[in-house]
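The file query-v8.cif comes next; it holds mmCIF, C-alpha atoms and all ligand atoms.
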data_structure
loop_
_atom_site.label_atom_id
_atom_site.label_comp_id
_atom_site.auth_asym_id
_atom_site.auth_seq_id
_atom_site.Cartn_x
_atom_site.Cartn_y
_atom_site.Cartn_z
CA MET A 1 67.85 73.29 19.14
CA ILE A 2 64.65 72.12 20.86
CA LYS A 3 64.39 69.31 18.34
CA LEU A 4 67.99 68.27 18.97
CA THR A 5 67.54 68.30 22.79
CA PHE A 6 64.41 66.21 22.42
CA TYR A 7 66.23 63.73 20.18
CA VAL A 8 69.17 63.41 22.62
CA LEU A 9 66.76 62.88 25.55
CA PHE A 10 64.85 60.26 23.56
CA CYS A 11 68.09 58.38 22.79
CA VAL A 12 69.19 58.43 26.45
CA VAL A 13 65.81 57.10 27.63
CA MET A 14 65.76 54.39 24.94
CA THR A 15 69.33 53.27 25.68
CA LYS A 16 68.59 53.10 29.42
CA SER A 17 65.45 51.05 29.05
CA PHE A 18 67.13 48.79 26.48
CA THR A 19 69.95 48.11 28.97
CA MET A 20 67.45 47.36 31.73
CA LEU A 21 65.22 45.14 29.68
CA THR A 22 67.98 43.14 28.12
CA THR A 23 70.15 42.76 31.19
CA HIS A 24 67.84 42.11 34.14
CA LEU A 25 65.35 39.67 32.76
CA LYS A 26 66.65 36.44 34.23
CA CYS A 27 68.08 37.78 37.50
CA ARG A 28 64.91 39.53 38.66
CA GLY A 29 61.69 38.14 40.07
CA GLY A 30 60.92 34.57 41.15
CA ILE A 31 62.80 32.21 43.41
CA TYR A 32 66.57 32.53 43.79
CA PRO A 33 68.43 29.40 42.52
CA ARG A 34 69.01 26.50 44.95
CA SER A 35 66.90 28.23 47.63
CA LYS A 36 63.33 28.95 48.62
CA ILE A 37 63.96 32.69 48.76
CA GLU A 38 61.59 34.85 46.74
CA ARG A 39 63.10 37.99 45.22
CA PHE A 40 61.49 41.33 46.10
CA PRO A 41 59.54 42.49 43.03
CA VAL A 42 61.40 45.06 40.91
CA PRO A 43 59.33 46.64 38.12
CA ASP A 44 61.20 47.64 34.92
CA ASP A 45 61.29 51.30 35.88
CA LYS A 46 62.79 50.53 39.31
CA VAL A 47 65.80 48.50 38.18
CA ASP A 48 67.98 51.59 37.89
CA TRP A 49 69.36 52.62 41.30
CA SER A 50 68.66 56.25 40.45
CA SER A 51 64.90 55.71 40.43
CA GLU A 52 63.49 56.11 43.91
CA TYR A 53 61.99 52.91 45.37
CA LYS A 54 61.21 53.58 49.04
CA GLN A 55 59.39 50.27 49.59
CA TYR A 56 62.40 48.25 48.34
CA GLN A 57 63.27 45.64 50.99
CA PRO A 58 65.14 42.78 49.32
CA PRO A 59 65.78 39.63 51.38
CA ASP A 60 69.41 39.20 52.45
CA TYR A 61 70.77 35.82 51.38
CA THR A 62 74.27 34.36 51.47
CA GLU A 63 74.43 30.57 51.15
CA SER A 64 76.25 29.41 54.30
CA SER A 65 77.68 26.18 52.86
CA ILE A 66 80.03 28.11 50.55
CA ASN A 67 81.73 29.84 53.47
CA GLY A 68 85.27 28.57 53.83
CA LYS A 69 85.42 27.23 50.25
CA PRO A 70 88.78 28.17 48.65
CA TRP A 71 86.98 30.01 45.81
CA ALA A 72 84.66 31.99 48.11
CA ASP A 73 85.12 35.28 49.98
CA PRO A 74 84.47 35.49 53.73
CA ASN A 75 81.54 37.60 54.88
CA ILE A 76 81.88 41.36 54.73
CA GLY A 77 82.61 43.06 58.04
CA GLY A 78 84.86 40.38 59.55
CA SER A 79 88.47 41.27 60.49
CA ASN A 80 89.76 38.49 58.19
CA PHE A 81 88.45 40.24 55.08
CA GLN A 82 89.82 43.53 53.81
CA PRO A 83 88.91 43.46 50.12
CA LYS A 84 90.37 45.91 47.63
CA TRP A 85 87.26 46.87 45.71
CA ASN A 86 87.65 47.96 42.08
CA ASP A 87 91.20 46.63 42.11
CA VAL A 88 93.26 43.51 41.64
CA ASP A 89 93.27 42.03 45.11
CA GLY A 90 96.18 39.56 45.34
CA LYS A 91 95.25 37.02 42.68
CA VAL A 92 91.55 37.92 42.61
CA SER A 93 90.38 40.59 40.22
CA ARG A 94 87.67 42.74 41.80
CA VAL A 95 87.74 45.02 38.76
CA SER A 96 84.50 45.18 36.79
CA HIS A 97 84.43 45.19 32.97
CA MET A 98 81.61 47.72 33.40
CA GLY A 99 83.86 50.36 34.99
CA PRO A 100 84.10 51.35 38.68
CA TYR A 101 81.16 50.14 40.78
CA ARG A 102 79.87 51.86 43.90
CA ILE A 103 80.31 50.66 47.46
CA THR A 104 77.26 51.36 49.59
CA ASN A 105 77.39 50.72 53.35
CA GLY A 106 80.48 48.58 52.77
CA TYR A 107 78.88 46.43 50.04
CA PRO A 108 79.60 46.51 46.28
CA GLN A 109 76.56 47.62 44.31
CA ASN A 110 75.32 45.80 41.20
CA PRO A 111 76.29 48.12 38.29
CA ILE A 112 73.07 47.47 36.35
CA GLY A 113 70.59 47.90 39.17
CA ARG A 114 68.25 46.15 41.58
CA THR A 115 67.79 42.38 41.47
CA GLY A 116 65.31 41.94 44.35
CA ILE A 117 67.82 40.16 46.60
CA CYS A 118 70.93 41.32 48.49
CA GLY A 119 73.84 39.40 50.02
CA ARG A 120 76.12 37.16 47.96
CA GLY A 121 73.60 34.43 47.18
CA ILE A 122 75.43 31.36 45.89
CA LEU A 123 78.21 33.28 44.16
CA GLY A 124 81.77 33.00 45.47
CA ARG A 125 82.77 36.65 45.30
CA TRP A 126 81.25 39.88 46.47
CA GLY A 127 81.14 42.27 43.52
CA PRO A 128 82.13 40.93 40.09
CA ASN A 129 82.56 37.16 39.60
CA HIS A 130 84.61 36.62 36.45
CA ALA A 131 83.93 33.94 33.84
CA ALA A 132 85.14 33.28 30.29
CA ASP A 133 83.23 31.72 27.40
CA PRO A 134 84.59 30.11 24.21
CA VAL A 135 82.39 30.29 21.10
CA VAL A 136 83.88 27.67 18.77
CA THR A 137 82.33 27.99 15.30
CA ARG A 138 82.41 26.50 11.79
CA TRP A 139 80.19 26.59 8.69
CA LYS A 140 77.79 23.67 8.32
CA ARG A 141 79.03 21.33 5.60
CA LEU A 142 78.10 18.05 3.97
CA GLU A 143 80.52 15.13 4.31
CA SER A 144 81.83 16.10 0.87
CA GLY A 145 82.90 19.45 2.36
CA LYS A 146 80.27 21.39 0.42
CA MET A 147 78.66 24.20 2.46
CA VAL A 148 75.01 23.74 3.43
CA LEU A 149 72.89 26.83 2.62
CA ASP A 150 69.66 27.97 4.27
CA ARG A 151 66.42 29.01 2.52
CA ASP A 152 67.89 32.46 1.83
CA ASN A 153 70.98 30.89 0.29
CA LYS A 154 73.13 31.89 3.25
CA PRO A 155 75.69 29.58 4.90
CA ILE A 156 74.70 28.18 8.30
CA LEU A 157 76.98 28.89 11.26
CA GLN A 158 77.38 26.11 13.82
CA PHE A 159 78.81 26.38 17.33
CA VAL A 160 79.77 23.93 20.08
CA ALA A 161 77.12 23.89 22.83
CA ILE A 162 77.09 21.96 26.07
CA LYS A 163 74.14 20.92 28.19
CA ARG A 164 74.73 22.21 31.72
CA GLY A 165 74.45 19.70 34.54
CA ASP A 166 73.01 22.28 37.00
CA THR A 167 70.11 23.80 35.02
CA GLY A 168 69.81 21.42 32.05
CA GLU A 169 70.04 24.39 29.66
CA TRP A 170 72.18 24.49 26.51
CA ALA A 171 75.09 26.87 26.95
CA LEU A 172 78.54 27.90 25.80
CA PRO A 173 81.16 25.68 27.45
CA GLY A 174 82.45 28.47 29.71
CA GLY A 175 83.49 28.67 33.33
CA MET A 176 84.95 30.71 36.14
CA VAL A 177 88.35 32.37 35.91
CA ASP A 178 90.68 30.83 38.50
CA PRO A 179 92.62 33.26 40.70
CA GLY A 180 95.59 34.60 38.74
CA GLU A 181 94.51 32.87 35.52
CA LYS A 182 94.51 34.75 32.20
CA VAL A 183 90.97 35.05 30.85
CA THR A 184 91.85 33.56 27.42
CA ALA A 185 93.42 30.59 29.20
CA THR A 186 90.15 30.05 31.11
CA ALA A 187 88.13 30.02 27.89
CA ILE A 188 90.41 27.38 26.34
CA ARG A 189 90.66 25.30 29.52
CA GLU A 190 86.88 25.28 29.98
CA PHE A 191 86.39 24.22 26.36
CA GLN A 192 88.83 21.35 26.83
CA GLU A 193 87.27 20.25 30.12
CA GLU A 194 83.60 20.54 29.19
CA ALA A 195 83.48 19.80 25.47
CA THR A 196 86.34 17.32 24.90
CA ASN A 197 87.65 14.28 26.76
CA PHE A 198 90.69 16.29 27.90
CA LEU A 199 90.19 15.43 31.60
CA VAL A 200 90.63 11.72 30.96
CA MET A 201 93.42 12.00 28.35
CA SER A 202 96.87 10.63 29.05
CA ASP A 203 99.73 13.15 29.16
CA GLU A 204 100.75 12.04 25.66
CA GLU A 205 97.26 12.62 24.29
CA LYS A 206 97.17 16.05 25.96
CA GLU A 207 100.45 16.95 24.29
CA GLU A 208 99.07 15.79 20.93
CA TRP A 209 95.89 17.85 21.50
CA ALA A 210 97.92 20.94 22.30
CA GLN A 211 100.07 20.55 19.17
CA LYS A 212 97.06 20.05 16.92
CA PHE A 213 95.04 22.98 18.24
CA HIS A 214 97.70 25.43 19.41
CA GLU A 215 97.39 27.76 16.41
CA PHE A 216 93.59 27.60 16.32
CA PHE A 217 93.03 28.56 19.96
CA LYS A 218 95.68 31.29 19.74
CA GLU A 219 93.49 33.36 17.46
CA GLY A 220 90.38 34.05 19.60
CA GLU A 221 88.56 37.32 18.97
CA ILE A 222 86.77 39.02 21.85
CA VAL A 223 83.08 39.25 20.98
CA TYR A 224 81.67 40.30 24.34
CA LYS A 225 83.06 41.64 27.60
CA GLY A 226 80.80 42.68 30.46
CA TYR A 227 77.85 41.97 32.70
CA VAL A 228 75.82 38.75 32.36
CA ASP A 229 72.10 38.41 33.12
CA ASP A 230 72.66 35.34 35.31
CA ARG A 231 70.03 33.96 37.73
CA ARG A 232 72.60 33.90 40.54
CA ASN A 233 73.15 37.70 40.49
CA THR A 234 72.24 39.77 43.52
CA ASP A 235 72.44 43.45 44.43
CA ASN A 236 75.97 42.84 45.79
CA ALA A 237 77.42 40.00 43.66
CA TRP A 238 77.12 39.44 39.93
CA MET A 239 78.54 37.53 36.95
CA GLU A 240 80.65 39.06 34.21
CA THR A 241 82.27 37.33 31.27
CA VAL A 242 84.63 37.71 28.35
CA ALA A 243 83.54 35.67 25.33
CA TYR A 244 86.00 34.67 22.59
CA ASN A 245 85.14 33.43 19.14
CA PHE A 246 87.44 30.72 17.74
CA HIS A 247 86.32 30.27 14.14
CA ASP A 248 87.39 27.61 11.66
CA ASP A 249 86.46 29.06 8.29
CA ASN A 250 87.22 26.07 6.11
CA GLY A 251 86.35 23.45 8.71
CA SER A 252 89.71 21.68 8.43
CA ILE A 253 90.73 22.13 12.08
CA VAL A 254 87.58 21.56 14.08
CA GLY A 255 86.88 18.46 11.98
CA ALA A 256 89.57 16.83 14.11
CA LEU A 257 87.88 17.85 17.39
CA LYS A 258 86.35 14.90 19.18
CA LEU A 259 83.43 16.25 21.22
CA HIS A 260 82.80 14.64 24.58
CA ALA A 261 80.76 16.05 27.50
CA GLY A 262 83.08 16.40 30.49
CA ASP A 263 83.31 18.05 33.92
CA ASP A 264 79.99 19.90 34.66
CA ALA A 265 78.50 19.20 31.21
CA VAL A 266 76.06 16.35 30.56
CA GLY A 267 75.82 16.77 26.78
CA VAL A 268 77.75 18.36 23.93
CA ARG A 269 77.05 18.92 20.24
CA TRP A 270 77.37 21.19 17.20
CA VAL A 271 74.27 23.37 17.04
CA ASP A 272 73.02 25.56 14.15
CA ALA A 273 73.18 29.20 15.25
CA THR A 274 69.97 31.15 14.63
CA PRO A 275 68.86 34.57 15.87
CA TYR A 276 65.98 32.86 17.76
CA ILE A 277 68.06 30.47 19.82
CA SER A 278 67.54 30.39 23.59
CA LEU A 279 70.56 29.60 25.75
CA TYR A 280 71.72 29.83 29.38
CA ALA A 281 72.12 33.32 30.96
CA SER A 282 73.19 35.87 28.28
CA HIS A 283 74.77 33.26 26.00
CA ASP A 284 72.12 33.77 23.29
CA THR A 285 73.01 37.49 23.09
CA ILE A 286 76.70 36.58 22.75
CA LEU A 287 75.94 34.01 20.07
CA LYS A 288 73.78 36.46 18.09
CA GLU A 289 76.72 38.88 18.05
CA VAL A 290 79.04 36.15 16.72
CA LEU A 291 76.47 35.19 14.09
CA LYS A 292 76.12 38.79 12.96
CA GLN A 293 79.90 39.31 12.76
CA ARG A 294 80.45 36.05 10.87
CA ILE A 295 77.69 36.70 8.34
CA ASP A 296 78.93 40.30 7.89
CA SER A 297 82.44 39.00 7.26
CA LEU A 298 81.14 37.14 4.19
CA ARG A 299 80.03 40.36 2.48
C1 LIG A 301 79.37 29.88 33.21
C2 LIG A 301 79.68 30.78 32.04
C3 LIG A 301 78.74 31.96 32.10
C4 LIG A 301 78.84 32.64 33.44
C5 LIG A 301 77.85 33.76 33.57
C6 LIG A 301 79.51 30.62 34.51
O1 LIG A 301 79.15 29.77 35.57
O2 LIG A 301 80.22 28.74 33.22
O3 LIG A 301 79.48 30.07 30.84
O4 LIG A 301 78.97 32.89 31.07
O5 LIG A 301 78.59 31.71 34.49
O6 LIG A 301 76.54 33.34 33.44
#
As structure tokens, what does this structure read like?
Amino acid sequence: MIKLTFYVLFCVVMTKSFTMLTTHLKCRGGIYPRSKIERFPVPDDKVDWSSEYKQYQPPDYTESSINGKPWADPNIGGSNFQPKWNDVDGKVSRVSHMGPYRITNGYPQNPIGRTGICGRGILGRWGPNHAADPVVTRWKRLESGKMVLDRDNKPILQFVAIKRGDTGEWALPGGMVDPGEKVTATAIREFQEEATNFLVMSDEEKEEWAQKFHEFFKEGEIVYKGYVDDRRNTDNAWMETVAYNFHDDNGSIVGALKLHAGDDAVGVRWVDATPYISLYASHDTILKEVLKQRIDSLR
């Protein structure tokens, strides 16, 4: 019995610290993006709200230029803003994929823990800000169609990556869910806008695109749903995403995809997926999950 209790306690502690270490690495410490504001230091063992941190005095920062933008909430406390926390609020979902979040002194509380900064930062919404990410994959092949194998004789998975215009990092071609938009639709739309020349296509070309890829983009599998370790997160506003894998096993469909960096992207290409890859926000964790699932599916 004592042994079992010890084991259960050990697992709880390990799971908690794993969550903290893997989820608040990028959105803790250092200067907040597009500002000169330094985050209040949060040691690993103080990320969790349940650990007492009496000295904690995070700076309060809400970028003023986003006020009034159609995609941004007003400030909390004003009579023009009566948000329905943890609910679908008109066309805006304030529901977190992480389950119900707490409201403290009128402000939604980051479900993972302290970030060293409060306010909304540069995010549009208080509480969860929803994004969607498409992971479009194929096996690496020679022009002849023959699969390329790595040193261990395993096939090499490739995915479509974009270079972000804001941070210059390689990333999945994802984006924010528009009010009322279905999350799968966001993933497909963002792929079209950022990784293909969809935005400059004529209506006829768009129609042709849709016919060619309709079946392929219908079959996305959810590979991740939840919190994202994004540099813009604060104690009261944070990013969440749903990532979908669209996989072309024999390479016949994506071969017809013409890649073209569009919208916020400044580069696009097929990249070999490896477990050591480093990508924007939590995109490397998402990609590693896809890689694992795809390699497992070969067994
Ligand atoms: C990006 C998504 C990303 C999300 C969370 C959005 O701005 O476009 O690709 O998953 O932020 O980091």
Q.
Tell me which residues come within 6 Å of (85.9, 24.7, 30.6), as number ranges by chain, counting only C-alpha atoms in the file's coordinates.
A. A: 173-175, 189-194
Q: Can you tell me which residues come within 10 Å of ligand LIG 301 (chain A) when counting only C-alpha atoms and all ligand atoms, ideally as an MDAnalysis selection string?
A: chainID A and resid 123 129:134 162 164 166 171:177 187 190 194 226:233 238:243 264:265 280:283 286
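Going from atom CA of Trp85 of chain A to atom CA of Lys182 of chain A covers 19.5 Å.
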Q: Have a look at A:Asp73, A:Asp48, A:Asp263, A:Asp203 and name the one nearest to Gly165 of chain A; count all atoms listed in the file.
A: A:Asp263
Q.
Please report the interatomic distance between atom CA of Arg141 of chain A and atom CA of Ser252 of chain A in Å with one decimal.
A. 11.1 Å
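With only C-alpha atoms as the atoms that count, the minimum distance from Arg138 of chain A to the choices A:Val200, A:Leu157, A:Ile103, A:Leu25 is reached by A:Leu157.
Of the residues under consideration (A:Ala185, A:Ile76, A:Val160, A:Ile112), A:Ile112 shows the shortest atom-to-atom contact distance to Ser50 of chain A when counting all atoms listed in the file.
If you count all atoms listed in the file and ignore residues fewer than 4 places along the chain from Ser64 of chain A, what sits within 12 Å of it is Ser35, Gly68, Lys69, Ala72, Asp73, Pro74, Asn75, Gly119, Arg120, Gly121, Ile122, Leu123 and Gly124 of chain A.
The spacing separating atom CA of Lys26 of chain A from atom CA of Trp49 of chain A amounts to 17.9 Å.
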